[in-house]
Amino acid sequence: MPSPHRNDGPVPPVPPIASVGAQALYDDAMWADAVLRCAHVRAGTVAMLTAQPLRDRPGALLRGSCDLDTRQILWAALGVVIRIPGPVVHLDLSAVGFLDAAAVAALVRANATVTGQGRRLLLHHPPYSLRKLVELFPDECAALEVAA
């Protein structure tokens, strides 16, 4: 039997970073006091990703795992993050345990959007998985800026 992953046809396009549910969280003046959540129950486990506004600077704190199960919520959260006003937008990843390659690609796209607006997206406390993917794909990830 052939592999189910070969010749399945074209790979579907990645949806734009914007917005499923993101508009409800963003107010033009400031973030609402809200939390985005995505939980999937599979085989008795719960995979969750949350995004909360930072209190001390413009940006967000991600908490959880960024993978296939939480991809939609990551896109929604990044859709909010790229709309936060200010010259620098901070994304705290200290509570993220894992970022898959698609999540890193979403970060690169969000960074490109913010940079295109003449602003900066600054990543704080990247997990090991992000650092490893940056090593594997240095050209693709070169634009990502990590706080010292």
# chains A, B, ... in the order shown; residues from 1 in each chain; ligands from 1
>>> residues_around(residues="region 53-60 of chain A", least_positions_apart="5", cutoff="7 Å", atoms="only C-alpha atoms", output="list in words")
Trp31, Val81, Ile84, Val89, His90, Leu91 and Asp92 of chain A
>>> write_last_selection(atoms="all heavy atoms", output="PDB file, in the first residue's frame")
ATOM      1  N   TRP A  31      -5.488  46.467  24.085  1.00  0.00           N
ATOM      2  CA  TRP A  31      -6.010  45.107  24.152  1.00  0.00           C
ATOM      3  C   TRP A  31      -7.168  45.068  25.139  1.00  0.00           C
ATOM      4  O   TRP A  31      -7.154  45.716  26.162  1.00  0.00           O
ATOM      5  CB  TRP A  31      -4.941  44.179  24.711  1.00  0.00           C
ATOM      6  CG  TRP A  31      -4.005  43.596  23.737  1.00  0.00           C
ATOM      7  CD1 TRP A  31      -3.024  44.251  23.076  1.00  0.00           C
ATOM      8  CD2 TRP A  31      -3.931  42.232  23.347  1.00  0.00           C
ATOM      9  NE1 TRP A  31      -2.340  43.376  22.298  1.00  0.00           N
ATOM     10  CE2 TRP A  31      -2.879  42.138  22.444  1.00  0.00           C
ATOM     11  CE3 TRP A  31      -4.648  41.100  23.678  1.00  0.00           C
ATOM     12  CZ2 TRP A  31      -2.512  40.944  21.863  1.00  0.00           C
ATOM     13  CZ3 TRP A  31      -4.274  39.913  23.096  1.00  0.00           C
ATOM     14  CH2 TRP A  31      -3.227  39.840  22.190  1.00  0.00           C
ATOM     15  N   VAL A  81      -1.657  40.408  17.437  1.00  0.00           N
ATOM     16  CA  VAL A  81      -0.336  40.965  17.774  1.00  0.00           C
ATOM     17  C   VAL A  81       0.140  41.950  16.715  1.00  0.00           C
ATOM     18  O   VAL A  81       0.640  43.026  17.047  1.00  0.00           O
ATOM     19  CB  VAL A  81       0.696  39.831  17.980  1.00  0.00           C
ATOM     20  CG1 VAL A  81       2.116  40.369  18.031  1.00  0.00           C
ATOM     21  CG2 VAL A  81       0.370  39.059  19.251  1.00  0.00           C
ATOM     22  N   ILE A  84      -1.232  45.505  17.139  1.00  0.00           N
ATOM     23  CA  ILE A  84      -0.963  46.285  18.342  1.00  0.00           C
ATOM     24  C   ILE A  84      -0.144  47.512  17.949  1.00  0.00           C
ATOM     25  O   ILE A  84       0.882  47.385  17.292  1.00  0.00           O
ATOM     26  CB  ILE A  84      -0.201  45.441  19.383  1.00  0.00           C
ATOM     27  CG1 ILE A  84      -1.078  44.290  19.863  1.00  0.00           C
ATOM     28  CG2 ILE A  84       0.239  46.300  20.565  1.00  0.00           C
ATOM     29  CD1 ILE A  84      -0.346  43.300  20.748  1.00  0.00           C
ATOM     30  N   VAL A  89       6.658  45.688  19.046  1.00  0.00           N
ATOM     31  CA  VAL A  89       5.661  44.780  19.589  1.00  0.00           C
ATOM     32  C   VAL A  89       6.416  43.588  20.165  1.00  0.00           C
ATOM     33  O   VAL A  89       7.273  43.005  19.507  1.00  0.00           O
ATOM     34  CB  VAL A  89       4.666  44.322  18.506  1.00  0.00           C
ATOM     35  CG1 VAL A  89       3.646  43.357  19.077  1.00  0.00           C
ATOM     36  CG2 VAL A  89       3.987  45.511  17.867  1.00  0.00           C
ATOM     37  N   HIS A  90       6.110  43.236  21.404  1.00  0.00           N
ATOM     38  CA  HIS A  90       6.827  42.183  22.111  1.00  0.00           C
ATOM     39  C   HIS A  90       5.996  40.903  22.119  1.00  0.00           C
ATOM     40  O   HIS A  90       4.785  40.950  22.344  1.00  0.00           O
ATOM     41  CB  HIS A  90       7.108  42.618  23.550  1.00  0.00           C
ATOM     42  CG  HIS A  90       7.914  43.871  23.625  1.00  0.00           C
ATOM     43  ND1 HIS A  90       9.280  43.866  23.682  1.00  0.00           N
ATOM     44  CD2 HIS A  90       7.536  45.174  23.616  1.00  0.00           C
ATOM     45  CE1 HIS A  90       9.719  45.111  23.727  1.00  0.00           C
ATOM     46  NE2 HIS A  90       8.678  45.926  23.686  1.00  0.00           N
ATOM     47  N   LEU A  91       6.659  39.775  21.893  1.00  0.00           N
ATOM     48  CA  LEU A  91       6.009  38.483  21.964  1.00  0.00           C
ATOM     49  C   LEU A  91       6.816  37.619  22.925  1.00  0.00           C
ATOM     50  O   LEU A  91       7.938  37.212  22.625  1.00  0.00           O
ATOM     51  CB  LEU A  91       5.928  37.837  20.583  1.00  0.00           C
ATOM     52  CG  LEU A  91       5.065  36.594  20.457  1.00  0.00           C
ATOM     53  CD1 LEU A  91       3.628  36.868  20.891  1.00  0.00           C
ATOM     54  CD2 LEU A  91       5.077  36.073  19.030  1.00  0.00           C
ATOM     55  N   ASP A  92       6.254  37.398  24.103  1.00  0.00           N
ATOM     56  CA  ASP A  92       6.921  36.629  25.149  1.00  0.00           C
ATOM     57  C   ASP A  92       6.596  35.150  24.954  1.00  0.00           C
ATOM     58  O   ASP A  92       5.443  34.742  25.027  1.00  0.00           O
ATOM     59  CB  ASP A  92       6.446  37.105  26.522  1.00  0.00           C
ATOM     60  CG  ASP A  92       7.224  36.490  27.659  1.00  0.00           C
ATOM     61  OD1 ASP A  92       7.872  35.436  27.472  1.00  0.00           O
ATOM     62  OD2 ASP A  92       7.193  37.072  28.755  1.00  0.00           O
TER      63      ASP A  92
END
>>> residues_around(residues="region 134-137 of chain A", least_positions_apart="5", cutoff="12 Å", atoms="only C-alpha atoms", output="short mmCIF file (atom, residue, chain, number, x, y, z; two decimals) with C-alpha atoms, in the first residue's frame")
data_model
loop_
_atom_site.label_atom_id
_atom_site.label_comp_id
_atom_site.auth_asym_id
_atom_site.auth_seq_id
_atom_site.Cartn_x
_atom_site.Cartn_y
_atom_site.Cartn_z
CA LEU A 99 6.89 25.51 18.28
CA ASP A 100 6.62 23.39 15.15
CA ALA A 101 7.94 24.50 11.76
CA VAL A 104 7.90 29.40 13.18
CA ALA A 105 6.81 30.17 9.62
CA LEU A 107 6.19 34.06 13.26
CA VAL A 108 8.31 34.89 10.22
CA PRO A 126 12.30 31.51 22.67
CA PRO A 127 11.95 27.80 23.42
CA TYR A 128 14.55 25.29 22.31
CA SER A 129 12.42 24.20 19.33
CA ALA A 142 17.14 35.55 9.62
CA ALA A 143 14.61 38.34 10.05
CA LEU A 144 13.40 37.10 13.45
CA GLU A 145 14.66 39.35 16.23
CA VAL A 146 15.22 37.84 19.67
#
>>> atom_distance(atom1="CA of Leu61 (chain A)", atom2="CA of Asp139 (chain A)")
26.1 Å
>>> closest_residue(among="A:Arg63, A:Val114, A:Leu68, A:Ala102", to="Val80 (chain A)", atoms="only C-alpha atoms")
A:Val114
>>> closest_residue(among="A:Ala77, A:Leu123, A:Gly97, A:Ala147", to="Asn111 (chain A)", atoms="only C-alpha atoms")
A:Leu123
>>> closest_residue(among="A:Phe98, A:Gly118, A:Thr50, A:Ala76", to="Leu133 (chain A)", atoms="only C-alpha atoms")
A:Phe98
>>> residues_around(residues="Leu49 (chain A)", least_positions_apart="6", cutoff="12 Å", atoms="only C-alpha atoms", output="ChimeraX atom specification")
/A:35-40,61-77,93,95-99,103
>>> atom_distance(atom1="CA of Pro87 (chain A)", atom2="CA of Glu140 (chain A)")
23.2 Å
>>> atom_distance(atom1="CA of Ile82 (chain A)", atom2="CA of Ala51 (chain A)")
13.2 Å
